[in-house]
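Peer 1: Below is the file my_file.txt, with compact mmCIF, C-alpha atoms.
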```txt
# COMPACT_ATOMS: atom_id res chain seq x y z
CA MET A 1 -110.64 7.03 -90.99
CA LYS A 2 -112.03 4.90 -88.18
CA THR A 3 -109.23 6.01 -85.87
CA ILE A 4 -109.89 9.69 -86.66
CA LEU A 5 -113.63 9.22 -86.06
CA GLN A 6 -113.00 7.55 -82.72
CA ALA A 7 -110.71 10.41 -81.70
CA VAL A 8 -113.36 13.00 -82.63
CA ILE A 9 -116.02 11.11 -80.67
CA SER A 10 -113.73 10.84 -77.64
CA VAL A 11 -113.03 14.59 -77.66
CA ALA A 12 -116.74 15.35 -77.99
CA VAL A 13 -117.65 13.08 -75.11
CA LEU A 14 -114.94 14.63 -72.93
CA ALA A 15 -116.10 18.17 -73.77
CA LEU A 16 -119.70 17.32 -73.00
CA SER A 17 -118.83 15.58 -69.75
CA ARG A 18 -117.02 18.59 -68.24
CA PRO A 19 -120.10 20.78 -67.76
CA VAL A 20 -121.91 17.84 -66.22
CA LEU A 21 -119.11 17.33 -63.72
CA ALA A 22 -118.98 21.04 -62.97
CA GLN A 23 -122.73 21.13 -62.48
CA GLY A 24 -122.50 18.14 -60.19
CA THR A 25 -119.96 19.97 -58.06
CA VAL A 26 -122.03 23.16 -57.86
CA ALA A 27 -125.18 21.19 -57.08
CA ALA A 28 -123.62 19.41 -54.09
CA PRO A 29 -125.96 19.46 -51.07
CA LEU A 30 -125.62 22.54 -48.88
CA PRO A 31 -124.95 22.05 -45.15
CA SER A 32 -127.38 23.45 -42.61
CA VAL A 33 -126.99 26.98 -41.27
CA ASP A 34 -126.33 25.63 -37.76
CA VAL A 35 -123.49 23.44 -39.00
CA VAL A 36 -121.87 26.33 -40.90
CA LEU A 37 -122.06 28.69 -37.91
CA LYS A 38 -120.78 26.05 -35.48
CA ARG A 39 -117.74 25.28 -37.63
CA THR A 40 -117.05 28.98 -38.19
CA VAL A 41 -117.03 29.68 -34.44
CA GLU A 42 -114.73 26.72 -33.83
CA ARG A 43 -112.33 27.89 -36.55
CA SER A 44 -112.28 31.46 -35.19
CA ALA A 45 -110.31 30.23 -32.17
CA LYS A 46 -107.31 29.88 -34.48
CA GLU A 47 -107.45 33.44 -35.85
CA ASP A 48 -104.85 34.92 -33.47
CA GLU A 49 -102.33 32.22 -34.34
CA ASN A 50 -103.16 32.64 -38.04
CA ASP A 51 -102.48 36.40 -37.84
CA ARG A 52 -99.22 35.91 -35.96
CA LEU A 53 -97.86 33.42 -38.48
CA PHE A 54 -98.90 35.55 -41.43
CA ASN A 55 -97.20 38.67 -40.06
CA GLU A 56 -94.07 36.69 -39.21
CA ARG A 57 -93.74 35.10 -42.65
CA TYR A 58 -95.17 37.58 -45.14
CA GLY A 59 -94.12 41.08 -46.13
CA TYR A 60 -96.64 43.63 -47.37
CA THR A 61 -97.55 47.30 -47.56
CA ARG A 62 -100.58 48.42 -45.58
CA THR A 63 -102.27 51.60 -46.80
CA LYS A 64 -105.06 53.41 -44.96
CA VAL A 65 -106.94 56.33 -46.47
CA THR A 66 -109.62 58.35 -44.63
CA GLU A 67 -111.63 61.00 -46.48
CA TYR A 68 -113.96 63.55 -44.85
CA ARG A 69 -116.75 65.14 -46.92
CA ASN A 70 -119.56 67.56 -46.21
CA SER A 71 -123.23 66.95 -46.97
CA ASP A 72 -122.70 68.12 -50.57
CA GLY A 73 -119.99 65.51 -51.13
CA ASP A 74 -117.12 68.04 -51.21
CA LEU A 75 -113.82 66.61 -49.95
CA LYS A 76 -112.69 68.60 -46.89
CA LYS A 77 -109.85 66.48 -45.55
CA ARG A 78 -107.83 63.45 -46.60
CA GLU A 79 -105.49 61.39 -44.43
CA GLU A 80 -103.23 58.65 -45.75
CA LYS A 81 -100.99 56.35 -43.76
CA LYS A 82 -98.63 53.65 -45.02
CA ASN A 83 -96.57 51.11 -43.14
CA GLN A 84 -94.45 48.17 -44.17
CA ASN A 85 -94.33 44.71 -42.70
CA ASN A 86 -90.85 43.29 -43.32
CA PRO A 87 -90.45 40.06 -41.33
CA VAL A 88 -87.03 38.57 -40.65
CA PHE A 89 -86.17 34.89 -40.45
CA LYS A 90 -86.65 33.33 -37.01
CA PRO A 91 -85.01 30.01 -36.13
CA ALA A 92 -87.10 27.10 -34.92
CA SER A 93 -85.92 27.72 -31.35
CA TYR A 94 -87.30 31.27 -31.38
CA SER A 95 -89.93 31.94 -28.75
CA PRO A 96 -92.04 35.06 -29.31
CA PRO A 97 -92.56 37.43 -26.34
CA PRO A 98 -95.97 37.52 -24.68
CA ALA A 99 -98.45 39.49 -26.72
CA GLU A 100 -99.14 42.96 -25.41
CA THR A 101 -102.64 43.37 -24.09
CA LYS A 102 -104.36 46.39 -25.56
CA THR A 103 -107.65 47.78 -24.43
CA ARG A 104 -109.96 49.86 -26.57
CA SER A 105 -112.75 52.17 -25.57
CA ASP A 106 -116.27 51.16 -26.49
CA HIS A 107 -116.49 54.50 -28.30
CA ASP A 108 -113.48 53.90 -30.53
CA ALA A 109 -115.55 53.10 -33.61
CA VAL A 110 -117.52 56.34 -33.40
CA VAL A 111 -115.86 59.08 -31.36
CA VAL A 112 -117.49 62.32 -30.20
CA GLU A 113 -114.95 65.10 -29.66
CA LYS A 114 -115.34 68.65 -28.35
CA ASN A 115 -113.79 71.50 -30.29
CA ALA A 116 -112.20 74.58 -28.70
CA ASP A 117 -115.35 76.63 -29.34
CA GLY A 118 -117.50 74.13 -27.49
CA SER A 119 -118.99 72.52 -30.59
CA THR A 120 -118.80 68.79 -31.17
CA LYS A 121 -117.28 66.63 -33.87
CA VAL A 122 -118.18 63.06 -34.76
CA ARG A 123 -115.42 61.04 -36.37
CA GLY A 124 -115.05 57.40 -37.34
CA LYS A 125 -112.38 54.85 -36.58
CA ALA A 126 -111.79 51.58 -38.36
CA TYR A 127 -113.26 48.56 -36.64
CA ASP A 128 -110.78 45.96 -35.51
CA LYS A 129 -111.49 42.32 -36.23
CA LYS A 130 -111.26 41.59 -32.50
CA ASP A 131 -114.15 43.99 -31.87
CA PHE A 132 -116.44 41.42 -33.47
CA SER A 133 -114.96 38.11 -32.38
CA LEU A 134 -117.07 35.33 -33.80
CA SER A 135 -118.98 33.63 -31.02
CA ASN A 136 -122.29 31.98 -30.29
CA ASP A 137 -123.37 35.18 -28.49
CA LEU A 138 -122.74 37.26 -31.59
CA PHE A 139 -124.46 34.87 -33.96
CA SER A 140 -127.44 34.50 -31.60
CA ARG A 141 -128.37 38.12 -32.28
CA PHE A 142 -129.14 37.40 -35.94
CA ARG A 143 -131.38 35.28 -38.10
CA PHE A 144 -129.34 33.59 -40.84
CA THR A 145 -130.46 32.26 -44.20
CA LEU A 146 -128.25 30.11 -46.41
CA ALA A 147 -128.47 31.74 -49.85
CA GLY A 148 -126.27 29.32 -51.79
CA ARG A 149 -122.68 28.83 -52.91
CA GLU A 150 -120.37 31.22 -54.81
CA MET A 151 -116.73 31.41 -55.81
CA VAL A 152 -114.66 33.93 -53.85
CA ASN A 153 -111.09 34.50 -55.00
CA GLY A 154 -111.11 31.14 -56.74
CA ARG A 155 -112.49 29.17 -53.78
CA ALA A 156 -115.98 27.84 -53.03
CA ALA A 157 -117.80 29.80 -50.33
CA LEU A 158 -121.16 29.44 -48.63
CA VAL A 159 -123.30 32.58 -48.78
CA LEU A 160 -125.35 33.56 -45.73
CA ASP A 161 -127.72 36.51 -45.39
CA PHE A 162 -128.45 37.83 -41.91
CA LYS A 163 -130.64 40.35 -40.12
CA PRO A 164 -131.40 41.20 -36.46
CA ARG A 165 -133.32 38.48 -34.67
CA SER A 166 -135.52 41.00 -32.83
CA ASN A 167 -135.92 44.69 -32.00
CA ASP A 168 -135.12 44.37 -28.29
CA LEU A 169 -131.64 42.86 -28.23
CA PRO A 170 -129.46 43.66 -25.17
CA GLU A 171 -127.26 46.78 -25.35
CA ARG A 172 -124.27 46.84 -23.00
CA ASN A 173 -122.34 49.55 -24.83
CA ILE A 174 -122.31 51.66 -27.99
CA LYS A 175 -120.80 48.78 -29.96
CA ASP A 176 -123.91 46.71 -29.24
CA ARG A 177 -126.07 49.48 -30.69
CA PHE A 178 -124.36 49.04 -34.04
CA ILE A 179 -124.30 45.25 -33.93
CA ASN A 180 -128.00 45.00 -33.04
CA LYS A 181 -128.98 47.09 -36.07
CA ALA A 182 -126.70 45.39 -38.59
CA ALA A 183 -127.76 43.27 -41.54
CA GLY A 184 -126.10 42.02 -44.67
CA ARG A 185 -124.29 39.06 -46.21
CA ILE A 186 -121.23 36.99 -45.33
CA TRP A 187 -119.25 34.48 -47.39
CA VAL A 188 -117.76 31.53 -45.48
CA ASP A 189 -114.96 29.57 -47.13
CA GLU A 190 -116.40 26.08 -47.51
CA GLU A 191 -113.16 24.19 -46.89
CA ASP A 192 -111.58 26.26 -44.10
CA THR A 193 -114.85 27.66 -42.61
CA VAL A 194 -113.42 31.17 -42.21
CA LEU A 195 -115.07 34.44 -43.17
CA ALA A 196 -113.74 35.19 -46.64
CA ARG A 197 -115.91 38.24 -47.34
CA ALA A 198 -118.52 40.39 -45.61
CA ASP A 199 -120.88 43.19 -46.60
CA LEU A 200 -123.03 44.70 -43.86
CA HIS A 201 -125.01 47.87 -43.23
CA LEU A 202 -127.19 49.52 -40.60
CA THR A 203 -130.91 48.87 -40.85
CA GLU A 204 -131.69 52.17 -39.07
CA LYS A 205 -129.88 55.14 -37.57
CA VAL A 206 -128.02 54.94 -34.26
CA ASN A 207 -128.29 57.86 -31.84
CA LEU A 208 -125.18 59.00 -29.98
CA LEU A 209 -125.48 60.11 -26.37
CA GLY A 210 -129.24 59.92 -26.51
CA GLY A 211 -129.40 61.83 -29.77
CA LEU A 212 -128.41 65.13 -28.12
CA VAL A 213 -125.01 65.25 -29.83
CA GLY A 214 -125.83 63.54 -33.07
CA ALA A 215 -126.55 60.27 -34.82
CA VAL A 216 -125.10 57.84 -37.32
CA ASN A 217 -127.61 57.85 -40.15
CA GLY A 218 -125.85 55.30 -42.31
CA PHE A 219 -122.96 52.90 -42.11
CA ARG A 220 -121.71 50.26 -44.55
CA TYR A 221 -118.77 47.96 -43.90
CA GLN A 222 -117.07 45.54 -46.30
CA PHE A 223 -113.98 43.39 -46.18
CA ASP A 224 -112.34 40.82 -48.44
CA ARG A 225 -109.84 38.15 -47.37
CA GLU A 226 -107.48 35.89 -49.28
CA ARG A 227 -105.71 32.61 -48.53
CA THR A 228 -101.99 32.01 -49.01
CA PRO A 229 -100.82 28.74 -50.61
CA GLU A 230 -99.89 27.38 -47.18
CA GLY A 231 -103.33 28.07 -45.72
CA LEU A 232 -102.88 31.40 -43.90
CA TRP A 233 -105.62 34.01 -44.28
CA PHE A 234 -105.17 37.78 -44.47
CA THR A 235 -107.47 40.74 -44.98
CA ARG A 236 -106.73 42.18 -48.41
CA ALA A 237 -109.15 45.11 -48.34
CA VAL A 238 -111.47 46.93 -45.93
CA ASN A 239 -113.93 49.66 -46.88
CA TRP A 240 -116.48 51.49 -44.79
CA ARG A 241 -118.63 54.60 -45.16
CA LEU A 242 -120.10 56.55 -42.26
CA GLU A 243 -122.85 59.16 -42.62
CA ALA A 244 -123.28 61.13 -39.41
CA ARG A 245 -125.18 64.11 -38.07
CA GLU A 246 -123.51 66.47 -35.59
CA VAL A 247 -126.33 68.60 -34.20
CA PHE A 248 -126.93 70.75 -37.34
CA ILE A 249 -123.99 69.53 -39.43
CA ARG A 250 -123.87 66.44 -41.61
CA ARG A 251 -120.65 64.75 -42.62
CA VAL A 252 -119.57 61.68 -44.55
CA ILE A 253 -116.43 59.66 -43.80
CA ASP A 254 -114.97 57.11 -46.22
CA PHE A 255 -112.28 54.68 -45.09
CA HIS A 256 -110.20 52.42 -47.34
CA GLU A 257 -107.54 49.96 -46.24
CA GLU A 258 -105.50 47.66 -48.46
CA ARG A 259 -102.63 45.20 -48.14
CA SER A 260 -100.56 45.14 -51.31
CA GLY A 261 -97.32 43.52 -52.41
CA VAL A 262 -97.98 40.47 -50.24
CA LYS A 263 -94.96 38.23 -50.56
CA LYS A 264 -93.59 35.38 -48.50
CA ALA A 265 -90.35 36.35 -46.74
CA TRP A 266 -89.26 32.94 -45.48
```
Please render this file's structure as structure tokens.
Peer 2:
Amino acid sequence: MKTILQAVISVAVLALSRPVLAQGTVAAPLPSVDVVLKRTVERSAKEDENDRLFNERYGYTRTKVTEYRNSDGDLKKREEKKNQNNPVFKPASYSPPPAETKTRSDHDAVVVEKNADGSTKVRGKAYDKKDFSLSNDLFSRFRFTLAGREMVNGRAALVLDFKPRSNDLPERNIKDRFINKAAGRIWVDEEDTVLARADLHLTEKVNLLGGLVGAVNGFRYQFDRERTPEGLWFTRAVNWRLEAREVFIRRVIDFHEERSGVKKAW
């Protein structure tokens, strides 16, 4: 009887101690905002190498869907593109060729086109991660607040809210117009200090070409990243929604991108 009682007490103590340990982990002191941003910028220098290794070692299917709707929400056009990444084994002596340098117009994200009848059309294009390279210059445009700690895809992440630092930030191109009016929340992986998730939106509309052609009345952008067992990060999903005005016409564009079937090839 004594042995059974001791066993019951031991199990009870163990069960009660687990929440305490978990609470102790969650309640660990949060680092300062400056420390988090500094480490995130430093880690961003490894992003190109991270992407190269991931694409060389992992296979996946990348699906992009773009939907165009009118102001009533009626679907007018749908585009879907799929491509496969099927890496092959490369020996240790393999030396990759120099990366091709690609340039992108500052208007790639929001493009104004002229139709045959002389009218205009505003369309969206997915932002590339390189368009918003993490840097001290980028972070200096915002005021950050550390909101706490959350679990993202099974890993601890630091949650930061941000908003424009002022109303008169420098504008060198159309991309700056969007950046300067962005606000939202980011999740930084606490161990690797990489952006694991982001959710941002425009705080006010952005005029295109002085407002004569149209304006972007609303824009929301979200992405979610995951970590492979060996420590490589990849973007699992991207979603954005663009609400634009083209002179007298309003349109809505929804974009969805997903990497599925991610599997290590070698």
Peer 1: For CA of Glu243 in chain A and CA of Lys76 in chain A, determine how far apart the two atoms are, in Å to one decimal place.
Peer 2: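 Atom-to-atom, CA of Glu243 in chain A to CA of Lys76 in chain A, that is 14.5 Å.
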Peer 1: When you look at Asp192 in chain A with a cut-off of 12 Å (counting all atoms listed in the file), what residues show up, excluding the ones that are within fewer than 4 positions of it in the same chain? I need them as a list in words.
Peer 2: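 My list of contacting residues is Val36, Arg39, Thr40, Val41, Glu42, Arg43, Ser44, Lys46, Glu47, Arg155, Ala156, Ala157, Leu158, Trp187, Val188, Ala196, Glu226, Arg227, Gly231, Leu232 and Trp233 of chain A.
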Peer 1: List the neighbours of Pro164 in chain A out to 12 Å using all atoms listed in the file; skip same-chain residues closer than 5 positions along the sequence, and give me the result as an MDAnalysis selection string.
Peer 2: chainID A and resid 138:145 169:170 176:184 200:204
Peer 1: From the list A:Trp266, A:Tyr68, A:Tyr60, A:Phe255, which residue is nearest Lys82 in chain A when using all atoms listed in the file?
Peer 2: A:Tyr60
Peer 1: Just how far from CA of Gly218 in chain A is CA of Leu242 in chain A, in Å to one decimal?
Peer 2: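 Taking CA of Leu242 in chain A and CA of Gly218 in chain A, their separation equals 5.9 Å.
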Peer 1: Using only C-alpha atoms and a cutoff of 10 Å, can you tell me which residues are near (-109.5, 60.5, -44.2) in the file's coordinates, and write them out as a list in words?
Peer 2: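 The residues near that point, listed by chain and number, are Lys64, Val65, Thr66, Glu67, Tyr68, Arg69, Leu75, Lys76, Lys77, Arg78, Glu79, Glu80, Lys81, Arg123, Gly124, Lys125, Ile253, Asp254, Phe255 and His256 of chain A.
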Peer 1: Between A:Gly59, A:Arg149, A:Ala28, A:Arg241, single out the one closest to Ser260 in chain A, counting all atoms listed in the file.
Peer 2: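 With all atoms listed in the file as the atom set, the closest residue is A:Gly59.
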Peer 1: At what distance in Å, to one decimal, does CA of Ala215 in chain A lie from CA of Arg172 in chain A?
Peer 2: 18.0 Å
